[in-house]
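Colleague: Structure file data.csv (CSV, C-alpha atoms and all ligand atoms) right here:
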```
chain,number,residue,atom,x,y,z
R,11,MET,CA,-17.3,6.5,-1.0
R,12,THR,CA,-17.1,5.5,2.7
R,13,THR,CA,-14.8,2.6,3.6
R,14,PRO,CA,-16.3,-0.6,4.9
R,15,ALA,CA,-16.1,-0.9,8.7
R,16,LEU,CA,-16.1,-4.7,8.8
R,17,THR,CA,-13.0,-6.8,8.3
R,18,THR,CA,-13.1,-9.5,5.7
R,19,VAL,CA,-10.9,-12.6,5.3
R,20,ILE,CA,-10.7,-14.3,2.0
R,21,THR,CA,-9.4,-17.8,2.8
R,22,GLY,CA,-8.9,-21.0,0.9
R,23,ILE,CA,-6.9,-19.3,-1.8
R,24,GLY,CA,-5.0,-22.0,-3.7
R,25,GLU,CA,-2.6,-19.6,-5.2
R,26,LEU,CA,-2.2,-16.0,-4.3
R,27,VAL,CA,-0.2,-13.6,-6.4
R,28,THR,CA,1.0,-10.8,-4.2
R,29,ASN,CA,3.7,-9.1,-6.4
R,30,ASP,CA,5.3,-8.3,-3.0
R,31,PRO,CA,9.1,-7.8,-3.6
R,32,ALA,CA,9.6,-8.8,0.0
R,33,ARG,CA,8.5,-12.3,-0.9
R,34,ARG,CA,10.7,-12.6,-4.0
R,35,GLU,CA,13.4,-14.6,-2.3
R,36,GLU,CA,10.9,-17.1,-0.9
R,37,LEU,CA,10.5,-18.9,-4.3
R,38,ALA,CA,12.8,-19.2,-7.3
R,39,GLY,CA,11.8,-18.2,-10.8
R,40,GLN,CA,8.3,-17.3,-11.9
R,41,GLY,CA,6.7,-17.8,-8.5
R,42,GLY,CA,9.4,-15.4,-7.0
R,43,LEU,CA,8.6,-12.6,-9.4
R,44,LEU,CA,4.9,-12.8,-8.4
R,45,GLY,CA,5.5,-13.3,-4.7
R,46,LEU,CA,3.3,-16.3,-4.8
R,47,VAL,CA,1.8,-17.8,-1.6
R,48,ARG,CA,0.0,-21.1,-1.8
R,49,ASP,CA,-2.9,-22.1,0.5
R,50,ALA,CA,-3.2,-18.4,1.4
R,51,ALA,CA,-5.5,-15.9,3.0
R,52,VAL,CA,-5.9,-12.2,2.8
R,53,VAL,CA,-7.5,-9.9,5.4
R,54,ILE,CA,-9.1,-6.7,4.2
R,55,GLU,CA,-9.8,-3.8,6.6
R,56,GLY,CA,-10.9,-0.2,5.8
R,57,GLY,CA,-10.3,-0.6,2.1
R,58,ARG,CA,-6.8,-1.8,2.5
R,59,VAL,CA,-5.0,-5.1,2.8
R,60,ALA,CA,-4.4,-5.7,6.5
R,61,TRP,CA,-2.8,-9.2,6.5
R,62,VAL,CA,-1.4,-11.7,3.9
R,63,GLY,CA,-0.1,-15.2,4.7
R,64,PRO,CA,-0.8,-18.9,5.0
R,65,ALA,CA,-4.6,-19.6,5.5
R,66,ALA,CA,-3.8,-21.7,8.5
R,67,ASP,CA,-2.4,-18.6,10.3
R,68,ALA,CA,-5.1,-16.2,9.2
R,69,PRO,CA,-6.6,-14.0,12.0
R,70,ALA,CA,-10.4,-14.0,12.5
R,71,ALA,CA,-12.5,-11.4,10.7
R,72,ASP,CA,-16.2,-10.3,10.6
R,73,VAL,CA,-16.8,-11.7,7.1
R,74,GLN,CA,-15.3,-14.9,5.8
R,75,VAL,CA,-15.1,-15.7,2.0
R,76,ASP,CA,-13.9,-19.1,0.9
R,77,ALA,CA,-12.0,-19.1,-2.4
R,78,GLY,CA,-12.4,-22.8,-2.7
R,79,GLY,CA,-8.8,-23.4,-3.8
R,80,ARG,CA,-9.0,-20.9,-6.6
R,81,ALA,CA,-6.4,-18.3,-7.5
R,82,VAL,CA,-6.4,-14.6,-6.4
R,83,VAL,CA,-4.4,-11.9,-8.2
R,84,PRO,CA,-4.1,-8.2,-7.8
R,85,GLY,CA,-6.6,-6.1,-9.7
R,86,PHE,CA,-5.3,-5.2,-13.2
R,87,VAL,CA,-3.8,-1.7,-13.5
R,88,ASP,CA,-4.7,-0.5,-17.0
R,89,SER,CA,-2.3,2.5,-17.5
R,90,HIS,CA,-3.4,3.5,-21.0
R,91,SER,CA,-6.9,4.1,-22.2
R,92,HIS,CA,-8.9,6.5,-24.3
R,93,LEU,CA,-12.5,6.0,-23.0
R,94,VAL,CA,-13.9,9.5,-23.5
R,95,PHE,CA,-15.4,9.4,-27.0
R,96,ALA,CA,-18.6,9.0,-28.9
R,97,GLY,CA,-19.4,7.3,-32.2
R,98,ASP,CA,-18.5,4.0,-33.8
R,99,ARG,CA,-15.6,3.0,-36.1
R,100,SER,CA,-16.4,-0.6,-36.8
R,101,ALA,CA,-16.5,0.1,-40.5
R,102,GLU,CA,-12.9,1.4,-40.3
R,103,PHE,CA,-12.0,-1.9,-38.5
R,104,GLU,CA,-13.7,-3.9,-41.1
R,105,ALA,CA,-11.9,-2.0,-43.9
R,106,ARG,CA,-8.6,-2.7,-42.1
R,107,MET,CA,-9.3,-6.4,-41.9
R,108,THR,CA,-9.9,-6.4,-45.7
R,109,GLY,CA,-6.6,-4.6,-46.5
R,110,GLN,CA,-6.6,-1.0,-45.5
R,111,PRO,CA,-3.7,0.2,-43.3
R,112,TYR,CA,-4.3,1.9,-39.9
R,113,THR,CA,-3.5,5.6,-40.0
R,114,ALA,CA,-3.8,8.4,-37.4
R,115,GLY,CA,-6.4,10.2,-39.6
R,116,GLY,CA,-9.2,8.0,-38.3
R,117,ILE,CA,-9.0,10.0,-35.0
R,118,ARG,CA,-10.8,12.9,-36.7
R,119,THR,CA,-13.9,10.8,-37.2
R,120,THR,CA,-14.2,10.3,-33.5
R,121,VAL,CA,-13.5,13.9,-32.8
R,122,ALA,CA,-16.6,15.0,-34.8
R,123,ALA,CA,-18.8,12.5,-32.9
R,124,THR,CA,-17.3,13.4,-29.5
R,125,ARG,CA,-17.9,17.1,-30.0
R,126,ALA,CA,-21.5,16.5,-30.9
R,127,ALA,CA,-22.1,14.4,-27.8
R,128,THR,CA,-23.5,15.9,-24.5
R,129,ASP,CA,-21.6,15.7,-21.2
R,130,GLU,CA,-24.2,13.2,-20.0
R,131,GLN,CA,-23.7,11.0,-23.1
R,132,LEU,CA,-20.0,11.0,-22.7
R,133,THR,CA,-20.2,10.3,-18.9
R,134,SER,CA,-22.6,7.4,-19.4
R,135,HIS,CA,-20.4,5.9,-22.1
R,136,VAL,CA,-17.3,6.1,-19.9
R,137,ALA,CA,-19.3,4.6,-17.0
R,138,ARG,CA,-20.3,1.7,-19.3
R,139,LEU,CA,-16.7,1.0,-20.3
R,140,VAL,CA,-15.3,1.4,-16.8
R,141,GLY,CA,-17.9,-1.2,-15.7
R,142,GLU,CA,-16.9,-3.5,-18.5
R,143,MET,CA,-13.3,-3.2,-17.4
R,144,ARG,CA,-14.1,-3.8,-13.7
R,145,ALA,CA,-16.1,-6.9,-14.6
R,146,GLN,CA,-12.9,-8.2,-16.3
R,147,GLY,CA,-10.7,-7.5,-13.3
R,148,THR,CA,-9.4,-4.0,-13.9
R,149,THR,CA,-9.5,-2.0,-10.7
R,150,SER,CA,-7.3,1.0,-11.7
R,151,VAL,CA,-7.4,2.8,-15.0
R,152,GLU,CA,-5.8,5.8,-16.6
R,153,ILE,CA,-8.1,7.8,-19.0
R,154,LYS,CA,-7.0,10.2,-21.7
R,155,SER,CA,-8.7,13.0,-23.4
R,156,GLY,CA,-7.8,13.6,-27.1
R,157,TYR,CA,-11.1,13.4,-29.0
R,158,GLY,CA,-12.1,17.0,-28.2
R,159,LEU,CA,-9.2,19.0,-29.7
R,160,SER,CA,-10.8,22.3,-28.8
R,161,VAL,CA,-10.3,24.2,-25.5
R,162,HIS,CA,-13.9,23.4,-24.4
R,163,ASP,CA,-14.0,19.8,-25.6
R,164,GLU,CA,-10.7,18.8,-24.1
R,165,ALA,CA,-11.5,20.4,-20.7
R,166,ARG,CA,-14.9,18.7,-20.6
R,167,SER,CA,-13.5,15.3,-21.7
R,168,LEU,CA,-11.1,15.5,-18.7
R,169,ALA,CA,-13.8,16.6,-16.3
R,170,VAL,CA,-15.8,13.5,-17.4
R,171,ALA,CA,-12.8,11.3,-17.0
R,172,ARG,CA,-12.1,12.7,-13.5
R,173,GLN,CA,-15.3,11.3,-12.3
R,174,PHE,CA,-13.8,7.8,-12.7
R,175,THR,CA,-10.1,8.1,-11.9
R,176,GLU,CA,-7.4,10.5,-10.6
R,177,ASP,CA,-5.1,9.3,-13.4
R,178,THR,CA,-6.5,11.6,-16.1
R,179,THR,CA,-4.2,12.5,-19.0
R,180,PHE,CA,-4.5,15.6,-21.3
R,181,LEU,CA,-3.9,14.5,-24.9
R,182,GLY,CA,-4.8,17.6,-26.8
R,183,ALA,CA,-1.8,16.8,-28.9
R,184,HIS,CA,-3.5,13.7,-30.4
R,185,VAL,CA,-3.7,14.9,-34.0
R,186,VAL,CA,-3.9,18.4,-35.6
R,187,PRO,CA,-7.6,19.0,-36.2
R,188,ALA,CA,-8.9,19.8,-39.7
R,189,GLY,CA,-8.6,23.5,-40.7
R,190,THR,CA,-5.6,24.3,-38.4
R,191,SER,CA,-1.9,24.5,-39.1
R,192,ALA,CA,0.3,22.4,-36.9
R,193,GLU,CA,2.1,25.5,-35.6
R,194,ASP,CA,-1.1,27.2,-34.6
R,195,TYR,CA,-2.5,24.1,-33.0
R,196,VAL,CA,0.7,23.5,-30.9
R,197,ASP,CA,0.3,27.1,-29.7
R,198,LEU,CA,-3.3,26.4,-28.7
R,199,VAL,CA,-2.4,23.1,-26.9
R,200,THR,CA,0.4,24.7,-24.9
R,201,GLY,CA,-1.6,27.9,-24.2
R,202,PRO,CA,-5.3,28.2,-23.6
R,203,MET,CA,-6.1,24.5,-23.9
R,204,LEU,CA,-3.4,23.5,-21.3
R,205,ALA,CA,-4.7,26.2,-19.0
R,206,ALA,CA,-8.3,24.8,-19.2
R,207,ALA,CA,-7.2,21.2,-19.1
R,208,ALA,CA,-4.6,21.3,-16.3
R,209,PRO,CA,-7.1,21.5,-13.3
R,210,HIS,CA,-8.6,18.2,-14.4
R,211,ALA,CA,-5.5,16.3,-15.4
R,212,ARG,CA,-2.5,14.6,-13.7
R,213,TRP,CA,-0.6,13.8,-16.9
R,214,ILE,CA,0.1,15.2,-20.3
R,215,ASP,CA,0.6,13.0,-23.4
R,216,VAL,CA,1.5,13.5,-27.1
R,217,PHE,CA,1.0,11.2,-30.1
R,218,CYS,CA,4.5,11.5,-31.5
R,219,GLU,CA,4.3,9.8,-34.9
R,220,ASP,CA,4.2,10.5,-38.6
R,221,GLY,CA,0.8,12.1,-39.3
R,222,ALA,CA,0.5,13.4,-35.8
R,223,PHE,CA,3.3,15.4,-33.9
R,224,ASP,CA,7.0,15.3,-34.6
R,225,VAL,CA,9.7,15.1,-31.9
R,226,ASP,CA,10.2,18.9,-31.6
R,227,GLN,CA,6.5,19.5,-31.3
R,228,ALA,CA,6.2,16.8,-28.7
R,229,ARG,CA,9.1,18.3,-26.7
R,230,THR,CA,7.4,21.7,-26.7
R,231,VAL,CA,4.1,20.2,-25.5
R,232,LEU,CA,5.8,18.1,-22.7
R,233,ALA,CA,7.8,21.1,-21.5
R,234,ALA,CA,4.7,23.3,-21.4
R,235,GLY,CA,2.8,20.5,-19.5
R,236,SER,CA,5.6,20.2,-17.0
R,237,GLY,CA,5.5,24.0,-16.5
R,238,SER,CA,1.8,23.6,-15.5
R,239,GLY,CA,2.5,20.8,-13.1
R,240,LEU,CA,1.5,17.9,-15.4
R,241,ARG,CA,3.7,14.8,-15.6
R,242,GLY,CA,4.6,13.6,-19.1
R,243,ARG,CA,3.8,10.4,-20.9
R,244,LEU,CA,4.2,9.7,-24.6
R,245,HIS,CA,2.7,7.6,-27.5
R,246,ALA,CA,5.8,6.8,-29.5
R,247,ASN,CA,7.2,4.4,-32.1
R,248,GLN,CA,3.8,2.9,-32.8
R,249,LEU,CA,3.7,2.9,-36.6
R,250,THR,CA,7.3,3.8,-37.5
R,251,TYR,CA,10.9,4.1,-36.2
R,252,GLY,CA,11.6,7.6,-34.8
R,253,GLY,CA,12.9,9.8,-32.0
R,254,GLY,CA,9.9,9.5,-29.7
R,255,VAL,CA,11.2,6.9,-27.3
R,256,ARG,CA,14.5,8.7,-27.0
R,257,LEU,CA,12.7,11.9,-26.2
R,258,ALA,CA,10.7,10.1,-23.4
R,259,CYS,CA,14.0,8.9,-22.0
R,260,GLU,CA,15.6,12.4,-22.3
R,261,PHE,CA,12.7,13.8,-20.3
R,262,GLY,CA,13.0,11.0,-17.8
R,263,LEU,CA,9.3,10.1,-18.3
R,264,VAL,CA,7.9,7.4,-16.1
R,265,ALA,CA,6.6,5.5,-19.1
R,266,VAL,CA,6.5,5.6,-22.9
R,267,ASP,CA,3.8,3.7,-24.7
R,268,HIS,CA,3.5,1.5,-27.8
R,269,CYS,CA,7.3,0.9,-28.5
R,270,THR,CA,6.6,-1.3,-31.5
R,271,PHE,CA,9.4,-0.1,-33.8
R,272,LEU,CA,12.6,0.2,-31.7
R,273,SER,CA,16.3,0.6,-32.7
R,274,ASP,CA,19.1,-0.7,-30.6
R,275,ASP,CA,19.7,2.9,-29.4
R,276,ASP,CA,16.0,3.1,-28.3
R,277,VAL,CA,16.4,-0.1,-26.2
R,278,ALA,CA,19.6,1.1,-24.7
R,279,ALA,CA,18.1,4.5,-23.8
R,280,LEU,CA,15.1,2.8,-22.1
R,281,ALA,CA,17.4,0.5,-20.1
R,282,ASP,CA,19.6,3.5,-19.1
R,283,SER,CA,16.8,5.9,-18.2
R,284,GLY,CA,14.5,3.4,-16.3
R,285,THR,CA,11.6,4.7,-18.4
R,286,ILE,CA,9.0,1.9,-18.5
R,287,ALA,CA,8.0,0.6,-21.9
R,288,THR,CA,4.2,0.1,-21.9
R,289,LEU,CA,3.3,-2.4,-24.6
R,290,LEU,CA,-0.2,-2.5,-26.0
R,291,PRO,CA,-0.6,-5.8,-27.9
R,292,GLY,CA,-4.3,-5.3,-28.5
R,293,VAL,CA,-3.3,-2.6,-30.9
R,294,GLU,CA,-1.1,-4.8,-33.0
R,295,PHE,CA,-3.9,-7.5,-32.9
R,296,SER,CA,-6.5,-5.0,-34.1
R,297,THR,CA,-4.3,-3.3,-36.7
R,298,ARG,CA,-2.6,-6.4,-38.0
R,299,GLN,CA,0.8,-4.9,-37.2
R,300,PRO,CA,3.9,-6.7,-36.0
R,301,TYR,CA,4.0,-7.1,-32.2
R,302,PRO,CA,6.6,-5.3,-30.1
R,303,ASP,CA,9.5,-7.4,-29.0
R,304,ALA,CA,8.9,-7.7,-25.3
R,305,ARG,CA,11.6,-10.4,-24.9
R,306,ARG,CA,14.3,-8.1,-26.4
R,307,LEU,CA,13.3,-5.3,-23.9
R,308,LEU,CA,13.1,-7.6,-20.9
R,309,ASP,CA,16.5,-9.2,-21.7
R,310,ALA,CA,18.0,-5.7,-22.0
R,311,GLY,CA,16.8,-4.9,-18.5
R,312,VAL,CA,13.9,-2.6,-19.5
R,313,ARG,CA,10.8,-2.6,-17.3
R,314,VAL,CA,7.7,-3.6,-19.3
R,315,ALA,CA,4.1,-2.8,-18.6
R,316,LEU,CA,1.0,-4.0,-20.4
R,317,ALA,CA,-2.1,-1.9,-21.0
R,318,SER,CA,-5.2,-2.1,-23.2
R,319,ASP,CA,-5.1,1.2,-25.0
R,320,CYS,CA,-8.9,0.8,-25.2
R,321,ASN,CA,-10.0,3.3,-27.9
R,322,PRO,CA,-12.5,3.3,-30.8
R,323,GLY,CA,-9.8,3.2,-33.5
R,324,SER,CA,-6.7,1.2,-33.1
R,325,CYS,CA,-7.9,-1.2,-30.4
R,326,PHE,CA,-11.4,-1.5,-29.0
R,327,THR,CA,-10.8,-4.1,-26.3
R,328,SER,CA,-11.1,-3.5,-22.5
R,329,SER,CA,-9.7,-6.9,-21.7
R,330,MET,CA,-6.4,-7.0,-19.8
R,331,ALA,CA,-6.6,-10.8,-19.9
R,332,LEU,CA,-6.6,-10.7,-23.7
R,333,CYS,CA,-3.5,-8.4,-23.5
R,334,ILE,CA,-1.8,-10.9,-21.2
R,335,ALA,CA,-2.6,-13.8,-23.5
R,336,LEU,CA,-1.3,-12.0,-26.5
R,337,ALA,CA,1.9,-10.9,-24.7
R,338,VAL,CA,2.5,-14.6,-23.8
R,339,ARG,CA,1.7,-16.1,-27.1
R,340,GLU,CA,2.9,-13.4,-29.5
R,341,MET,CA,5.6,-11.4,-27.5
R,342,ARG,CA,7.4,-14.2,-25.7
R,343,MET,CA,6.6,-13.0,-22.2
R,344,SER,CA,6.2,-15.7,-19.6
R,345,PRO,CA,2.7,-15.9,-18.0
R,346,ALA,CA,4.3,-14.5,-14.8
R,347,GLU,CA,6.0,-11.6,-16.6
R,348,ALA,CA,2.8,-10.7,-18.4
R,349,LEU,CA,0.7,-10.7,-15.2
R,350,HIS,CA,3.3,-8.7,-13.3
R,351,ALA,CA,3.4,-6.2,-16.3
R,352,ALA,CA,-0.4,-5.9,-16.1
R,353,THR,CA,-0.5,-5.2,-12.4
R,354,ALA,CA,2.7,-4.1,-10.5
R,355,THR,CA,4.5,-2.5,-13.5
R,356,GLY,CA,1.2,-0.9,-14.7
R,357,ALA,CA,1.0,0.7,-11.3
R,358,ALA,CA,4.7,1.9,-11.6
R,359,ALA,CA,3.9,3.3,-15.0
R,360,LEU,CA,1.3,5.5,-13.3
R,361,ASP,CA,3.8,6.2,-10.4
R,362,ARG,CA,1.3,4.6,-8.0
R,363,ASP,CA,2.6,3.0,-4.9
R,364,ASP,CA,-0.8,2.0,-3.5
R,365,VAL,CA,-2.0,-0.5,-6.1
R,366,GLY,CA,-0.7,-3.5,-8.1
R,367,VAL,CA,0.7,-5.3,-5.0
R,368,LEU,CA,-1.1,-7.2,-2.3
R,369,ALA,CA,0.7,-6.5,0.9
R,370,PRO,CA,-0.4,-4.8,4.2
R,371,GLY,CA,-1.3,-1.2,3.6
R,372,MET,CA,-1.9,-1.5,-0.1
R,373,ALA,CA,-5.4,-0.9,-1.6
R,374,ALA,CA,-7.5,-4.1,-1.3
R,375,ASP,CA,-8.0,-4.5,-5.1
R,376,LEU,CA,-8.2,-8.2,-5.7
R,377,VAL,CA,-9.5,-10.5,-8.4
R,378,LEU,CA,-10.7,-14.1,-7.7
R,379,LEU,CA,-10.2,-16.3,-10.8
R,380,ASP,CA,-12.3,-19.2,-11.6
R,381,ALA,CA,-9.1,-21.2,-12.0
R,382,PRO,CA,-6.5,-22.9,-9.8
R,383,SER,CA,-3.6,-20.8,-11.2
R,384,TYR,CA,-2.9,-17.3,-12.6
R,385,VAL,CA,-1.4,-19.2,-15.6
R,386,HIS,CA,-5.0,-19.7,-16.8
R,387,LEU,CA,-5.2,-16.1,-17.8
R,388,ALA,CA,-2.9,-16.9,-20.8
R,389,TYR,CA,-3.8,-20.7,-21.0
R,390,ARG,CA,-7.5,-20.1,-21.4
R,391,PRO,CA,-7.7,-17.1,-23.8
R,392,GLY,CA,-11.1,-15.5,-24.3
R,393,VAL,CA,-12.7,-17.3,-21.4
R,394,PRO,CA,-14.3,-15.0,-18.7
R,395,LEU,CA,-12.3,-16.3,-15.7
R,396,VAL,CA,-13.1,-13.4,-13.3
R,397,ALA,CA,-15.3,-14.8,-10.5
R,398,GLY,CA,-15.1,-11.9,-8.1
R,399,VAL,CA,-13.5,-8.4,-7.8
R,400,TRP,CA,-12.9,-6.4,-4.7
R,401,GLN,CA,-12.1,-2.7,-5.2
R,402,ALA,CA,-10.8,-0.7,-2.2
R,403,GLY,CA,-12.1,-3.6,-0.1
R,404,ARG,CA,-15.6,-3.6,-1.5
R,405,PRO,CA,-17.0,-6.6,-3.4
R,406,VAL,CA,-17.9,-5.0,-6.8
R,407,VAL,CA,-18.2,-8.1,-9.0
R,408,ALA,CA,-19.5,-11.5,-7.9
R,409,ARG,CA,-20.6,-14.3,-10.1
R,501,LIG,O1,-3.1,4.9,-28.8
R,501,LIG,N1,-2.1,6.2,-31.3
R,501,LIG,C1,-2.8,7.2,-31.0
R,501,LIG,N2,-4.0,7.1,-30.4
R,501,LIG,C2,-4.7,5.9,-30.2
R,501,LIG,C3,-5.6,5.6,-31.4
R,501,LIG,C4,-6.6,6.6,-31.6
R,501,LIG,C5,-7.6,6.3,-32.7
R,501,LIG,O2,-7.3,5.7,-33.7
R,501,LIG,O3,-8.7,6.7,-32.5
R,501,LIG,C6,-3.7,4.8,-29.9
R,501,LIG,O4,-3.5,3.8,-30.6
R,502,FE,FE,-3.2,5.3,-27.0
```
Could you render the structure from this file as C-alpha cells?
Ligand code: NIG
Ligand code: FE

Modeller:
Amino acid sequence: MTTPALTTVITGIGELVTNDPARREELAGQGGLLGLVRDAAVVIEGGRVAWVGPAADAPAADVQVDAGGRAVVPGFVDSHSHLVFAGDRSAEFEARMTGQPYTAGGIRTTVAATRAATDEQLTSHVARLVGEMRAQGTTSVEIKSGYGLSVHDEARSLAVARQFTEDTTFLGAHVVPAGTSAEDYVDLVTGPMLAAAAPHARWIDVFCEDGAFDVDQARTVLAAGSGSGLRGRLHANQLTYGGGVRLACEFGLVAVDHCTFLSDDDVAALADSGTIATLLPGVEFSTRQPYPDARRLLDAGVRVALASDCNPGSCFTSSMALCIALAVREMRMSPAEALHAATATGAAALDRDDVGVLAPGMAADLVLLDAPSYVHLAYRPGVPLVAGVWQAGRPVVAR
C-alpha cells in the first residue's frame, strides 16, 4: 500500500477523543482520560497524524473534510480475535440459549470444518470479517490461529491471518485434538508445530482452562514460544477460577484475556505485574455467563482493555461498540473508561505504540461518529454510528 501524497484536514469536529496523555491535565475527569478536544481539527499526512488542535488554528491542507460538529475517536484496536475458521455453530448457540452450558469441546467442530476448507476459502472468510470490523470502526486487529491443530493447518491459518495483520497469534494450544494424548500434543505444539508457525506469528497463546490446558502445560508452551521469539498471551480464568492469571503475571505477559473468575490474589498479581486484563464481554453475553468485574480491577489499579474475541463458538460478534456498551451497562465502566480500553489500552495490550492515540506521528486511524459525543457509543447500543473510517490516512469507509 502506498501512502497518500496529499494532506487532509478533518475540521468541524465537535468532540475529538485523542487519548493523548499529554492532554490529560487540560480537562478533569472523563474528558482528561480521553484527552478530549472540542471544536477540533486533525491534519493527516503520509498516513500519519500531522497536527491536532482547535479547528480555528488548523493549518491549510490539500483536502478538507467537514465533520459537521460530530465526534471523532481513534479507530478501535481489537486485541483478541479468532477469525481464521470455517463452518457454522449457530445450532450450538441456539442450544446454549435453551439451557446447554458453553464448553471448550465445541472448538473441535470448527477444527473439522477449518481443516476441510481451502486456503482461498479461509482467506476470503477472514477478508469478509475484517471488512465487517472495519465498517464498524476497527482499524487494528489481532488474529489467532487455533482451529487447525495440526502442523500444516496451524501454519496455513497463520499465513492467512498474516495477510491482514502483523499481530498474528499462534494458538496451537487451543484444545487437545481428538485421538491424541495431552502429553503428545504439547510435544507437537512446542516442537514441529511451533517451528512451522513461528515465521508467521508475533505472539503465542494458550487456552488455560478446565477441558483445555492446565497451568503446567501452559507454562511449557509459553516458555517454548519465548524460545522461538514469540511473545506470550493467555486465555485464562474464563470458565473457572484457576492459576492462569497468576501464570500470566509470573511471565510478565503484556496481557491476559477473559479474567472472568478472579480471586483477590489474581487481582493483586495483575496490579503488581502491570499485565493488562483484557475483558471480552461479548463472550459473557453470548454464553450467558456472569460478566467480569471491571470496576474491581480498575479500582485496584489494573489496566483494562476491551476486545471482541470474535470467534464462531463463544462469541460471534465483530462489534467493538457492542463491547463498549456491555462494559458500561454490565461491568460498571464509565463510557470514557470503556472507549479508552477499546482503543489506547487495546493498543498497549498488543504492545503497539503507533495506534490507539491521535497525536502527531501516530497512525491516522480515525472514526467519524454520526453523533455529537463518544458517549453515544454506549448510549445508543446496537445503532450503526460509524459514518466514516480513515485507516493509515486513507478513507476506507464513508456513508
Ligand atoms: O476465546 N476460550 C477459548 N477460545 C475461544 C472460543 C473458541 C470456540 O468456542 O470456538 C474464546 O472464547
Ligand atoms: Fe479467545

Colleague: If you count all atoms listed in the file, which residues fall within 10 Å of Ala32 of chain R, apart from same-chain ones fewer than 6 positions away, as number ranges by chain?

Modeller: R: 42, 45, 369

Colleague: Dump the neighbourhood of ligand LIG 501 (chain R) as number ranges by chain: all residues within 7 Å, distances computed on only C-alpha atoms and all ligand atoms.

Modeller: R: 114, 116-117, 120, 184, 217, 245, 248, 293, 319, 321-325

Colleague: How would the residues just chosen look if you wrote them out with C-alpha atoms as an mmCIF file, in the coordinates of the input?

Modeller:
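Produced file selection.cif, reproduced below:
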```
data_model
loop_
_atom_site.group_PDB
_atom_site.id
_atom_site.type_symbol
_atom_site.label_atom_id
_atom_site.label_comp_id
_atom_site.auth_asym_id
_atom_site.auth_seq_id
_atom_site.Cartn_x
_atom_site.Cartn_y
_atom_site.Cartn_z
ATOM 1 C CA ALA R 114 -3.800 8.400 -37.400
ATOM 2 C CA GLY R 116 -9.200 8.000 -38.300
ATOM 3 C CA ILE R 117 -9.000 10.000 -35.000
ATOM 4 C CA THR R 120 -14.200 10.300 -33.500
ATOM 5 C CA HIS R 184 -3.500 13.700 -30.400
ATOM 6 C CA PHE R 217 1.000 11.200 -30.100
ATOM 7 C CA HIS R 245 2.700 7.600 -27.500
ATOM 8 C CA GLN R 248 3.800 2.900 -32.800
ATOM 9 C CA VAL R 293 -3.300 -2.600 -30.900
ATOM 10 C CA ASP R 319 -5.100 1.200 -25.000
ATOM 11 C CA ASN R 321 -10.000 3.300 -27.900
ATOM 12 C CA PRO R 322 -12.500 3.300 -30.800
ATOM 13 C CA GLY R 323 -9.800 3.200 -33.500
ATOM 14 C CA SER R 324 -6.700 1.200 -33.100
ATOM 15 C CA CYS R 325 -7.900 -1.200 -30.400
#
```

Colleague: At most 8 Å is the cut-off: for each residue in segment 196-309 of chain R with any atom that close to an atom of segment 340-353 of chain R, write down the nearest atom pair and the distance in Å rounded to one decimal, counting all atoms listed in the file, chain first then increasing number, as JSON lines.

Modeller:
```
{"residue": "R:Tyr301", "atom": "CA", "partner": "R:Met341", "partner_atom": "CA", "distance": 6.6}
{"residue": "R:Pro302", "atom": "CA", "partner": "R:Met341", "partner_atom": "CA", "distance": 6.7}
{"residue": "R:Asp303", "atom": "CA", "partner": "R:Met341", "partner_atom": "CA", "distance": 5.8}
{"residue": "R:Ala304", "atom": "CA", "partner": "R:Met341", "partner_atom": "CA", "distance": 5.4}
{"residue": "R:Arg305", "atom": "CA", "partner": "R:Arg342", "partner_atom": "CA", "distance": 5.7}
```

Colleague: May I ask which of the residues R:Ser273, R:Ser238, R:Thr133, R:Ser150 is the closest one to Ala357 of chain R, counting only C-alpha atoms?

Modeller: R:Ser150

Colleague: In Å to one decimal, how far is atom CA of Ile286 of chain R from atom CA of Gly85 of chain R?

Modeller: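 Result for atom CA of Gly85 of chain R versus atom CA of Ile286 of chain R: 19.6 Å, one decimal.
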
Colleague: One decimal, in Å: what's the spacing between atom CA of Glu193 of chain R and atom CA of Val94 of chain R?

Modeller: 25.7 Å

Colleague: Counting all atoms listed in the file, figure out which residue out of R:Glu152, R:Glu142, R:Asp220, R:Glu260 gets nearest to ligand FE 502 (chain R).

Modeller: R:Glu152

Colleague: May I ask for the distance between atom CA of Leu181 of chain R and atom CA of Ser155 of chain R, given in Å to one decimal place?

Modeller: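 We find that atom CA of Leu181 of chain R and atom CA of Ser155 of chain R lie 5.2 Å from each other.
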
Colleague: Compare R:Glu164, R:Ala145, R:Ser191, R:Cys218 by their minimum atom-to-atom distance to Ala206 of chain R, counting only C-alpha atoms, and give me the closest one.

Modeller: R:Glu164

Colleague: Pick from R:Gly147, R:Gly182, R:Pro31, R:Pro69: nearest to Ala208 of chain R, with all atoms listed in the file counted?

Modeller: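 Distance minimum relative to Ala208 of chain R lands on R:Gly182.
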
Colleague: Using all atoms listed in the file, can you tell me which of R:Asp194, R:Met203, R:Glu130, R:Ala317 comes closest to Ser160 of chain R?

Modeller: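 Closest to Ser160 of chain R of all the choices is R:Met203.
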
Colleague: Go ahead and find all residues with at least one atom no further than 12 Å from (-16.4, 11.9, -15.8) in the file's coordinates, using only C-alpha atoms; report them as a VMD selection string.

Modeller: chain R and resid 93 to 95 128 to 140 153 to 155 165 to 178 210 to 211

Colleague: Using all atoms listed in the file, can you tell me which of R:Arg80, R:Arg306, R:Arg339, R:Arg362 comes closest to Val264 of chain R?

Modeller: R:Arg362

Colleague: Would you list the contacts of Thr18 of chain R as a list in words, taking every protein, DNA or RNA residue within 8 Å and counting all atoms listed in the file, but skipping same-chain residues closer than 4 positions in sequence?

Modeller: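 Counting all atoms listed in the file, the residues come to Val53, Ile54, Glu55, Ala71, Asp72, Val73, Gln74 and Val75 of chain R.
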